[in-house]
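Asker: One file is attached below, coords-v7.cif, containing mmCIF, C-alpha atoms.
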data_upload
#
loop_
_atom_site.label_atom_id
_atom_site.label_comp_id
_atom_site.auth_asym_id
_atom_site.auth_seq_id
_atom_site.Cartn_x
_atom_site.Cartn_y
_atom_site.Cartn_z
CA MET A 1 25.73 -108.39 98.33
CA GLU A 2 26.45 -112.11 98.40
CA LEU A 3 23.90 -114.25 100.18
CA ASP A 4 24.83 -115.35 103.68
CA GLN A 5 25.45 -119.06 103.14
CA LYS A 6 24.97 -119.74 106.86
CA ILE A 7 21.24 -119.04 106.63
CA THR A 8 19.45 -122.30 105.89
CA ILE A 9 17.08 -122.66 102.97
CA GLN A 10 14.35 -123.62 105.45
CA ASP A 11 14.76 -120.25 107.18
CA ARG A 12 14.70 -118.47 103.82
CA LEU A 13 11.46 -120.18 102.84
CA ASN A 14 9.86 -119.38 106.17
CA GLN A 15 10.64 -115.69 105.71
CA HIS A 16 7.72 -115.72 103.23
CA PRO A 17 4.82 -117.26 105.18
CA SER A 18 2.16 -115.56 103.04
CA LEU A 19 3.29 -117.47 99.93
CA PHE A 20 3.34 -121.08 98.74
CA ARG A 21 6.77 -122.68 99.16
CA TYR A 22 8.12 -125.29 96.75
CA LEU A 23 10.94 -127.57 95.64
CA LEU A 24 11.58 -128.05 91.92
CA LEU A 25 13.21 -131.37 91.04
CA ASP A 26 14.24 -132.94 87.73
CA PRO A 27 13.80 -136.75 87.66
CA LEU A 28 15.73 -137.05 84.39
CA LYS A 29 18.61 -137.36 86.84
CA THR A 30 18.18 -140.60 88.76
CA ILE A 31 18.99 -140.78 92.47
CA SER A 32 19.07 -143.58 95.04
CA HIS A 33 15.78 -144.82 96.46
CA LEU A 34 17.41 -144.39 99.87
CA ASN A 35 17.61 -140.63 99.34
CA PRO A 36 14.76 -138.82 101.17
CA LEU A 37 14.49 -136.55 98.12
CA HIS A 38 13.63 -139.47 95.85
CA MET A 39 10.17 -138.93 94.38
CA ASP A 40 8.74 -142.09 95.94
CA ASN A 41 9.91 -140.99 99.39
CA LEU A 42 8.56 -137.48 98.94
CA GLN A 43 5.23 -138.90 97.83
CA GLN A 44 5.13 -141.08 100.94
CA SER A 45 6.02 -138.24 103.33
CA LEU A 46 4.07 -135.40 101.71
CA GLY A 47 1.32 -137.23 99.85
CA LYS A 48 0.73 -137.62 96.13
CA GLU A 49 -1.37 -134.45 96.11
CA ALA A 50 1.76 -132.40 96.94
CA ILE A 51 3.54 -133.32 93.68
CA TYR A 52 2.76 -131.62 90.35
CA PRO A 53 4.49 -132.41 87.04
CA VAL A 54 5.76 -129.47 85.00
CA LEU A 55 4.76 -130.74 81.56
CA ARG A 56 7.63 -129.57 79.38
CA ARG A 57 6.48 -129.93 75.81
CA ASP A 58 9.18 -132.39 74.73
CA LEU A 59 8.27 -134.81 77.55
CA ALA A 60 4.60 -134.08 78.14
CA TYR A 61 3.76 -137.63 77.03
CA SER A 62 5.76 -138.92 80.03
CA PRO A 63 4.80 -136.83 83.09
CA GLU A 64 6.97 -138.87 85.46
CA HIS A 65 10.08 -137.75 83.57
CA CYS A 66 9.10 -134.07 83.59
CA PRO A 67 10.28 -131.67 86.31
CA GLN A 68 8.27 -132.09 89.50
CA LEU A 69 6.97 -129.17 91.56
CA ILE A 70 6.81 -130.20 95.22
CA LEU A 71 4.54 -128.25 97.56
CA LEU A 72 6.28 -127.79 100.90
CA ALA A 73 3.94 -125.33 102.60
CA SER A 74 0.84 -123.30 101.83
CA PRO A 75 0.30 -119.71 102.99
CA GLY A 76 0.12 -119.54 106.77
CA GLU A 77 1.88 -122.88 107.25
CA HIS A 78 5.35 -123.33 108.71
CA CYS A 79 7.76 -125.12 106.39
CA GLU A 80 9.81 -127.61 108.38
CA PHE A 81 11.13 -131.02 107.31
CA SER A 82 14.07 -132.97 108.68
CA TRP A 83 15.24 -133.72 105.14
CA LEU A 84 15.07 -130.13 103.86
CA ALA A 85 18.67 -129.47 104.89
CA ASP A 86 19.61 -132.50 102.78
CA SER A 87 18.34 -130.67 99.72
CA GLU A 88 21.06 -128.05 100.24
CA SER A 89 23.87 -130.55 100.65
CA TYR A 90 22.62 -132.70 97.76
CA ALA A 91 22.35 -129.69 95.44
CA ARG A 92 25.87 -128.63 96.43
CA ASN A 93 27.35 -132.09 95.86
CA GLU A 94 25.93 -132.34 92.33
CA ALA A 95 26.72 -128.73 91.34
CA LEU A 96 29.30 -129.70 88.70
CA GLN A 97 27.59 -132.82 87.40
CA GLU A 98 26.34 -132.94 83.81
CA LYS A 99 22.77 -133.65 84.91
CA ARG A 100 21.34 -132.29 88.14
CA TYR A 101 18.33 -133.56 90.08
CA PHE A 102 17.84 -130.47 92.15
CA SER A 103 16.64 -127.36 90.31
CA ALA A 104 15.42 -124.75 92.79
CA TRP A 105 13.57 -123.66 95.89
CA LEU A 106 10.68 -121.36 95.02
CA THR A 107 8.00 -119.16 96.52
CA SER A 108 4.90 -117.92 94.72
CA ALA A 109 1.42 -116.62 95.36
CA GLN A 110 0.22 -119.02 92.68
CA GLU A 111 -1.25 -122.37 93.65
CA PRO A 112 0.65 -125.54 92.67
CA LYS A 113 -1.35 -126.66 89.66
CA GLN A 114 -1.31 -123.18 88.13
CA LEU A 115 2.39 -122.63 88.89
CA ALA A 116 3.34 -125.97 87.30
CA ALA A 117 1.51 -124.87 84.16
CA SER A 118 3.18 -121.44 84.29
CA LEU A 119 6.67 -122.97 84.55
CA ALA A 120 5.99 -125.29 81.60
CA LYS A 121 4.76 -122.36 79.54
CA GLN A 122 7.82 -120.28 80.40
CA CYS A 123 10.10 -122.92 78.86
CA ASN A 124 8.58 -121.89 75.51
CA GLN A 125 8.67 -118.16 76.13
CA ILE A 126 12.16 -117.28 77.41
CA ILE A 127 13.60 -117.09 73.88
CA THR A 128 11.62 -116.72 70.66
CA ASP A 129 10.71 -120.08 69.05
CA VAL A 130 13.14 -121.99 71.26
CA PHE A 131 12.27 -124.56 73.94
CA LEU A 132 14.60 -123.81 76.83
CA PRO A 133 14.79 -125.90 80.05
CA PHE A 134 15.66 -122.71 81.92
CA PHE A 135 15.00 -124.38 85.28
CA GLU A 136 18.21 -126.43 84.94
CA PRO A 137 20.55 -124.70 87.41
CA LEU A 138 23.49 -123.95 85.12
CA CYS A 139 21.16 -122.82 82.35
CA PHE A 140 19.41 -120.55 84.86
CA GLU A 141 22.76 -119.26 86.13
CA LEU A 142 23.94 -118.37 82.62
CA LEU A 143 20.62 -116.69 81.84
CA LYS A 144 21.03 -114.60 84.99
CA VAL A 145 24.54 -113.61 83.92
CA LYS A 146 23.43 -112.51 80.45
CA SER A 147 19.97 -111.08 81.11
CA PRO A 148 19.37 -107.32 81.22
CA GLU A 149 18.12 -105.78 84.45
CA ASP A 150 14.65 -107.12 85.31
CA GLY A 151 14.78 -109.33 82.18
CA LEU A 152 14.85 -112.64 84.01
CA ALA A 153 12.77 -111.25 86.90
CA GLY A 154 9.93 -110.64 84.50
CA ARG A 155 10.33 -113.98 82.73
CA ILE A 156 10.08 -116.13 85.92
CA TRP A 157 7.03 -114.33 87.32
CA PRO A 158 4.71 -115.47 89.00
CA VAL A 159 7.60 -117.00 90.96
CA SER A 160 8.42 -114.46 93.67
CA GLN A 161 11.70 -115.91 94.95
CA TRP A 162 13.94 -118.38 93.12
CA TRP A 163 16.95 -119.83 94.95
CA PHE A 164 19.36 -122.12 93.11
CA MET A 165 22.79 -123.69 93.60
CA THR A 166 25.61 -122.20 91.55
CA VAL A 167 28.37 -124.31 90.03
CA SER A 168 30.65 -123.00 92.77
CA GLY A 169 28.41 -124.58 95.42
CA ASN A 170 26.77 -121.41 96.72
CA ILE A 171 23.09 -120.61 97.02
CA ALA A 172 22.15 -117.69 94.77
CA PHE A 173 18.91 -115.78 94.37
CA GLN A 174 16.69 -114.30 91.69
CA ALA A 175 13.60 -112.26 92.53
CA GLY A 176 10.56 -112.50 90.33
CA LYS A 177 8.78 -109.33 89.34
CA ASN A 178 5.58 -108.45 87.53
CA VAL A 179 6.90 -106.14 84.82
CA GLY A 180 3.76 -106.09 82.69
CA GLU A 181 4.41 -107.11 79.10
CA LYS A 182 7.31 -109.56 79.08
CA SER A 183 10.03 -109.12 76.52
CA TRP A 184 11.88 -111.99 74.86
CA LEU A 185 15.48 -112.45 75.90
CA ASN A 186 17.83 -111.39 73.16
CA TRP A 187 19.48 -113.29 70.33
CA GLY A 188 22.89 -113.06 71.96
CA ILE A 189 21.67 -115.08 74.93
CA GLU A 190 20.29 -117.72 72.58
CA MET A 191 23.66 -118.05 70.89
CA ASP A 192 25.46 -118.33 74.23
CA LEU A 193 23.16 -121.11 75.37
CA GLN A 194 23.94 -123.11 72.25
CA ASP A 195 27.41 -123.41 73.82
CA PHE A 196 25.88 -124.60 77.10
CA ARG A 197 27.63 -127.99 77.11
CA SER A 198 30.96 -126.46 76.21
CA ILE A 199 30.75 -123.99 79.09
CA ARG A 200 29.82 -126.82 81.46
CA LYS A 201 32.84 -128.81 80.26
CA LEU A 202 35.05 -125.75 80.72
CA LEU A 203 33.81 -125.31 84.28
CA TRP A 204 34.58 -128.95 85.05
CA SER A 205 38.09 -128.57 83.59
CA TRP A 206 38.61 -125.44 85.68
CA HIS A 207 37.44 -127.27 88.79
CA GLU A 208 39.91 -130.08 88.05
CA ALA A 209 42.76 -127.60 87.57
CA GLU A 210 42.14 -125.51 90.70
CA ALA A 211 40.75 -126.25 94.14
CA GLY A 212 37.42 -124.48 94.43
CA LEU A 213 35.67 -122.14 92.04
CA PRO A 214 34.85 -118.47 92.67
CA PHE A 215 31.27 -117.42 93.34
CA ASP A 216 30.95 -115.97 89.83
CA ALA A 217 32.60 -118.95 88.09
CA ALA A 218 29.80 -119.31 85.52
CA MET A 219 30.11 -115.67 84.51
CA GLN A 220 33.89 -115.91 84.19
CA ALA A 221 33.68 -119.15 82.21
CA GLU A 222 31.04 -117.75 79.87
CA GLU A 223 33.15 -114.66 79.19
CA ALA A 224 36.30 -116.74 78.67
CA TRP A 225 34.46 -119.04 76.25
CA GLU A 226 32.98 -116.13 74.34
CA ASN A 227 36.39 -114.48 74.05
CA THR A 228 37.79 -117.56 72.30
CA LEU A 229 35.85 -116.45 69.23
CA ASP A 230 38.30 -113.58 68.84
CA THR A 231 41.12 -116.06 68.26
CA GLY A 232 39.49 -117.53 65.16
CA LEU A 233 39.82 -121.05 66.57
CA LYS A 234 36.94 -123.30 65.51
CA ASP A 235 37.63 -126.66 67.17
CA THR A 236 35.72 -127.07 70.44
CA ASP A 237 38.66 -128.71 72.23
CA ASP A 238 40.96 -125.89 71.10
CA ARG A 239 38.53 -123.30 72.42
CA ASN A 240 38.17 -125.18 75.70
CA TYR A 241 41.95 -125.33 76.12
CA TRP A 242 42.30 -121.65 75.27
CA ALA A 243 39.58 -120.54 77.70
CA LEU A 244 40.95 -122.76 80.49
CA ASN A 245 44.40 -121.30 79.90
CA TYR A 246 42.99 -117.83 80.46
CA LEU A 247 40.98 -118.78 83.55
CA THR A 248 43.96 -120.43 85.25
CA MET A 249 46.85 -118.23 84.07
CA ARG A 250 45.00 -114.91 83.74
CA VAL A 251 47.13 -114.10 80.72
CA ASP A 252 45.88 -113.15 77.27
CA ILE A 253 48.54 -115.20 75.55
CA GLY A 254 47.04 -114.43 72.14
CA GLN A 255 48.65 -110.99 72.26
CA HIS A 256 52.14 -112.47 71.95
CA PRO A 257 53.49 -112.55 68.34
CA ALA A 258 54.85 -116.09 68.72
CA VAL A 259 51.45 -117.34 69.90
CA ARG A 260 49.62 -115.57 67.07
CA VAL A 261 51.75 -117.49 64.58
CA LEU A 262 50.67 -120.77 66.20
CA ILE A 263 47.02 -119.75 66.18
CA GLN A 264 47.21 -119.14 62.46
CA GLN A 265 48.80 -122.56 62.00
CA ALA A 266 45.88 -124.19 63.80
CA ILE A 267 43.38 -122.22 61.73
CA ASP A 268 45.13 -123.07 58.44
CA ASN A 269 45.53 -126.75 59.36
CA PRO A 270 42.53 -127.95 61.42
CA SER A 271 44.25 -131.28 62.12
CA GLN A 272 46.73 -129.47 64.36
CA ARG A 273 45.64 -128.83 67.94
CA ILE A 274 46.55 -125.54 69.56
CA SER A 275 47.38 -127.39 72.81
CA ALA A 276 50.12 -129.35 71.02
CA LEU A 277 51.40 -126.32 69.11
CA LEU A 278 51.77 -124.28 72.30
CA GLN A 279 54.07 -126.96 73.69
CA THR A 280 56.60 -125.90 71.05
CA LEU A 281 56.98 -122.44 72.62
CA SER A 282 60.33 -121.81 74.25
CA ASP A 283 60.73 -121.46 78.01
CA GLU A 284 61.67 -117.83 77.45
CA VAL A 285 58.30 -117.11 75.81
CA TRP A 286 56.40 -118.87 78.62
CA LEU A 287 58.30 -116.91 81.27
CA GLU A 288 57.43 -113.72 79.42
CA LEU A 289 53.76 -114.69 79.25
CA GLU A 290 53.60 -115.64 82.92
CA SER A 291 55.03 -112.25 83.87
CA GLN A 292 52.01 -110.64 82.20
CA THR A 293 49.41 -112.19 84.50
CA ILE A 294 46.33 -110.00 84.44
CA ALA A 295 45.53 -108.45 87.82
CA GLN A 296 41.97 -109.31 88.80
CA PRO A 297 39.81 -107.14 91.07
CA SER A 298 38.82 -108.73 94.36
CA MET A 299 35.42 -110.40 94.22
CA ASP A 300 34.96 -110.24 98.02
CA GLY A 301 31.50 -109.05 98.91
CA ILE A 302 30.41 -108.85 95.28
CA ASN A 303 27.53 -110.97 94.08
CA HIS A 304 26.58 -110.84 90.41
CA TYR A 305 23.56 -113.05 91.10
CA GLY A 306 21.41 -110.68 93.12
CA ALA A 307 20.80 -110.08 96.81
#
As structure tokens, please, write out the structure in this file.
Answerer:
Amino acid sequence: MELDQKITIQDRLNQHPSLFRYLLLDPLKTISHLNPLHMDNLQQSLGKEAIYPVLRRDLAYSPEHCPQLILLASPGEHCEFSWLADSESYARNEALQEKRYFSAWLTSAQEPKQLAASLAKQCNQIITDVFLPFFEPLCFELLKVKSPEDGLAGRIWPVSQWWFMTVSGNIAFQAGKNVGEKSWLNWGIEMDLQDFRSIRKLLWSWHEAEAGLPFDAAMQAEEAWENTLDTGLKDTDDRNYWALNYLTMRVDIGQHPAVRVLIQQAIDNPSQRISALLQTLSDEVWLELESQTIAQPSMDGINHYGA
């Protein structure tokens, strides 16, 4: 079931008093020094000893630019800060931005120094021979969409609970689980993540076209983007336009003979954009396409991101 968004993240963290509780922040995104979540302010309020760099291998030479693991509470301590609610609102406000400062709220039985090392190591172990900043929220969301059951749970262990903000502005959850020998995530996921920026751009375009995104927007956008491969279109802008068309109209316009002719034109002549070619369709064809809107099942009460 979908997480109750009325429950605060502070309450969620305090439901696990026997574990360490953390924030994970990414200073590659700069924020105002007036923000209580700014690293300098956190260091002043929590102490330097509460902040641990996650030394990702491509930035290990510059620890201050690496993700920062912030210790909020140790086992037996109550986690309560006036600015903790701000972390929710800040994460929600930046949910569709290209770079995001806020990565996750975490719990773990592992102490801070060891967990920071574990998280850095996991960046090299999610996919074979690929460095993957999986802690970035949209990257994490797409991994959750594509991972087999327990696949991501095993990969994030020893994190016990991982809460993150979806692109739709909802808090979602992934449990960590000790599954013994961890398997690599599959090649298909690696290929999907190569299109990471394109999916992010598609989500932004969808947000601009419609007010509000559904809870499972990342899953829908990933599927729409993947389905553009079936058209044979190669240009990224063409694929973005095609996927957005599907997400907003809910019509597989590629099934219409007149549209298939235009697709072939775009494939044969890469200088022609499918968006411009579709403008040449008659009103009669568009009316026919719009009458074929695909009925979508209700997503109420369904959460593809875990309990």
Asker: For Glu98 of chain A, which residue among A:Val261, A:Phe215, A:Lys201, A:Arg155 is the nearest when counting all atoms listed in the file?
Answerer: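 Closest residue, counting all atoms listed in the file: A:Lys201.
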Asker: Could you tell me, as a list in words, exactly which residues end up selected when the PyMOL selection byres ((chain A and resi 41-51) around 10) is applied to this structure?
Answerer: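 Taken over the shown coordinates, the PyMOL selection byres ((chain A and resi 41-51) around 10) returns Tyr22, Leu23, Leu24, His33, Leu34, Asn35, Pro36, Leu37, His38, Met39, Asp40, Tyr52, Pro53, Val54, Gln68, Leu69, Ile70, Leu71, Leu72, Ala73, Phe81, Trp83, Pro112, Lys113 and Ala116 of chain A.
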Asker: Please, what distance in Å, to one decimal, runs between atom CA of Ala217 of chain A and atom CA of Asp237 of chain A?
Answerer: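 Taking atom CA of Ala217 of chain A as the start and atom CA of Asp237 of chain A as the end point, the length is 19.6 Å.
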Asker: Starting from the displayed file, determine the output of the PyMOL selection byres ((chain A and resi 55) around 12) and express the residue list as a ChimeraX atom specification.
Answerer: /A:26,52-54,56-69,113-124,133
Asker: Take the residues that were just selected and, keeping C-alpha atoms, output them as a compact mmCIF listing (two decimals), in the frame of the given file.
Answerer:
# COMPACT_ATOMS: atom_id res chain seq x y z
CA ASP A 26 14.24 -132.94 87.73
CA TYR A 52 2.76 -131.62 90.35
CA PRO A 53 4.49 -132.41 87.04
CA VAL A 54 5.76 -129.47 85.00
CA ARG A 56 7.63 -129.57 79.38
CA ARG A 57 6.48 -129.93 75.81
CA ASP A 58 9.18 -132.39 74.73
CA LEU A 59 8.27 -134.81 77.55
CA ALA A 60 4.60 -134.08 78.14
CA TYR A 61 3.76 -137.63 77.03
CA SER A 62 5.76 -138.92 80.03
CA PRO A 63 4.80 -136.83 83.09
CA GLU A 64 6.97 -138.87 85.46
CA HIS A 65 10.08 -137.75 83.57
CA CYS A 66 9.10 -134.07 83.59
CA PRO A 67 10.28 -131.67 86.31
CA GLN A 68 8.27 -132.09 89.50
CA LEU A 69 6.97 -129.17 91.56
CA LYS A 113 -1.35 -126.66 89.66
CA GLN A 114 -1.31 -123.18 88.13
CA LEU A 115 2.39 -122.63 88.89
CA ALA A 116 3.34 -125.97 87.30
CA ALA A 117 1.51 -124.87 84.16
CA SER A 118 3.18 -121.44 84.29
CA LEU A 119 6.67 -122.97 84.55
CA ALA A 120 5.99 -125.29 81.60
CA LYS A 121 4.76 -122.36 79.54
CA GLN A 122 7.82 -120.28 80.40
CA CYS A 123 10.10 -122.92 78.86
CA ASN A 124 8.58 -121.89 75.51
CA PRO A 133 14.79 -125.90 80.05
Asker: Which residue gives the smallest distance to Leu28 of chain A among A:Thr8, A:Ser291, A:Ser89, A:Ser103, with all atoms listed in the file counted?
Answerer: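 Smallest distance to Leu28 of chain A is found for A:Ser103.
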Asker: Between A:Leu281, A:Leu96, A:Leu233, A:Gln110, which one has atoms that come closest to Trp206 of chain A, using only C-alpha atoms?
Answerer: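 Of A:Leu281, A:Leu96, A:Leu233, A:Gln110, the one nearest Trp206 of chain A, counting only C-alpha atoms, is A:Leu96.
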Asker: Using Å and a single decimal, report how far atom CA of Phe196 of chain A sits from atom CA of Leu277 of chain A.
Answerer: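 That distance, rounded to one decimal, is 26.8 Å.
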Asker: Env of Ser74 of chain A: 12 Å cut, atoms = only C-alpha atoms, seq-sep filter 6 positions within chain, self excluded. Answer as a list in words.
Answerer: Leu13, Asn14, His16, Pro17, Ser18, Leu19, Phe20, Arg21, Tyr22, Ala50, Glu80, Thr107, Ser108, Ala109, Gln110, Glu111 and Pro112 of chain A
Asker: Evaluating the PyMOL selection byres ((chain A and resi 94) around 12) on the displayed file yields which residues, as a list in words?
Answerer: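 Those residues are Lys29, Thr30, Ile31, Ser87, Glu88, Ser89, Tyr90, Ala91, Arg92, Asn93, Ala95, Leu96, Gln97, Glu98, Lys99, Arg100, Tyr101, Phe102, Ser103, Pro137, Leu138, Met165, Thr166, Val167, Ser168, Gly169, Asn170 and Trp204 of chain A.
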Asker: Could you work out how far atom CA of Glu223 of chain A lies from atom CA of Gln161 of chain A, giving the answer in Å with one decimal?
Answerer: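 Result for atom CA of Gln161 of chain A versus atom CA of Glu223 of chain A: 26.6 Å, one decimal.
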Asker: Would it be fine to have segment 209-288 of chain A, with C-alpha atoms, given as a short mmCIF file (atom, residue, chain, number, x, y, z; two decimals), in the first residue's frame?
Answerer:
data_model
loop_
_atom_site.label_atom_id
_atom_site.label_comp_id
_atom_site.auth_asym_id
_atom_site.auth_seq_id
_atom_site.Cartn_x
_atom_site.Cartn_y
_atom_site.Cartn_z
CA ALA A 209 2.06 19.48 -19.78
CA GLU A 210 -0.13 18.32 -16.89
CA ALA A 211 -0.73 19.58 -13.36
CA GLY A 212 0.72 17.03 -10.98
CA LEU A 213 2.30 13.66 -11.65
CA PRO A 214 0.96 10.27 -10.51
CA PHE A 215 2.68 8.41 -7.70
CA ASP A 216 4.25 5.96 -10.17
CA ALA A 217 5.31 8.65 -12.67
CA ALA A 218 8.89 7.35 -12.92
CA MET A 219 7.67 3.86 -13.76
CA GLN A 220 5.26 5.16 -16.40
CA ALA A 221 7.90 7.44 -17.92
CA GLU A 222 10.48 4.66 -18.03
CA GLU A 223 8.04 2.33 -19.76
CA ALA A 224 6.97 5.03 -22.23
CA TRP A 225 10.61 5.82 -23.04
CA GLU A 226 11.49 2.16 -23.48
CA ASN A 227 8.51 1.65 -25.79
CA THR A 228 9.79 4.35 -28.14
CA LEU A 229 12.42 1.83 -29.27
CA ASP A 230 9.66 -0.11 -31.00
CA THR A 231 9.04 2.84 -33.32
CA GLY A 232 12.55 2.74 -34.76
CA LEU A 233 13.03 6.44 -34.01
CA LYS A 234 16.64 7.27 -33.09
CA ASP A 235 16.66 11.00 -32.37
CA THR A 236 16.38 11.74 -28.64
CA ASP A 237 13.99 14.67 -29.17
CA ASP A 238 11.78 12.51 -31.38
CA ARG A 239 11.67 9.80 -28.73
CA ASN A 240 10.90 12.35 -26.03
CA TYR A 241 8.04 13.79 -28.08
CA TRP A 242 6.68 10.32 -28.83
CA ALA A 243 6.80 9.20 -25.19
CA LEU A 244 5.22 12.45 -23.97
CA ASN A 245 2.47 12.03 -26.54
CA TYR A 246 1.68 8.63 -25.09
CA LEU A 247 1.80 9.77 -21.46
CA THR A 248 -0.57 12.69 -22.07
CA MET A 249 -2.92 11.26 -24.73
CA ARG A 250 -2.83 7.58 -23.69
CA VAL A 251 -3.01 6.63 -27.35
CA ASP A 252 -0.61 4.36 -29.20
CA ILE A 253 -0.67 6.53 -32.29
CA GLY A 254 1.96 4.36 -33.96
CA GLN A 255 -0.72 1.78 -34.76
CA HIS A 256 -2.41 4.12 -37.25
CA PRO A 257 -1.33 3.55 -40.90
CA ALA A 258 -0.99 7.27 -41.60
CA VAL A 259 1.31 7.70 -38.59
CA ARG A 260 3.43 4.69 -39.57
CA VAL A 261 4.11 6.35 -42.92
CA LEU A 262 5.39 9.46 -41.10
CA ILE A 263 7.57 7.40 -38.78
CA GLN A 264 9.24 5.80 -41.77
CA GLN A 265 9.82 9.25 -43.25
CA ALA A 266 11.60 10.35 -40.08
CA ILE A 267 13.69 7.18 -40.05
CA ASP A 268 14.64 7.51 -43.73
CA ASN A 269 15.42 11.23 -43.41
CA PRO A 270 16.92 11.99 -39.97
CA SER A 271 16.73 15.74 -40.62
CA GLN A 272 12.94 15.54 -40.38
CA ARG A 273 11.46 15.68 -36.89
CA ILE A 274 8.50 13.48 -36.08
CA SER A 275 6.89 16.36 -34.15
CA ALA A 276 6.77 18.46 -37.34
CA LEU A 277 5.63 15.55 -39.51
CA LEU A 278 2.72 14.77 -37.19
CA GLN A 279 1.45 18.32 -37.65
CA THR A 280 0.66 17.37 -41.25
CA LEU A 281 -1.96 14.82 -40.15
CA SER A 282 -5.53 15.78 -40.96
CA ASP A 283 -8.05 16.70 -38.28
CA GLU A 284 -9.95 13.55 -39.17
CA VAL A 285 -6.95 11.36 -38.30
CA TRP A 286 -6.41 13.19 -34.99
CA LEU A 287 -10.08 12.80 -34.05
CA GLU A 288 -9.80 9.10 -34.82
#
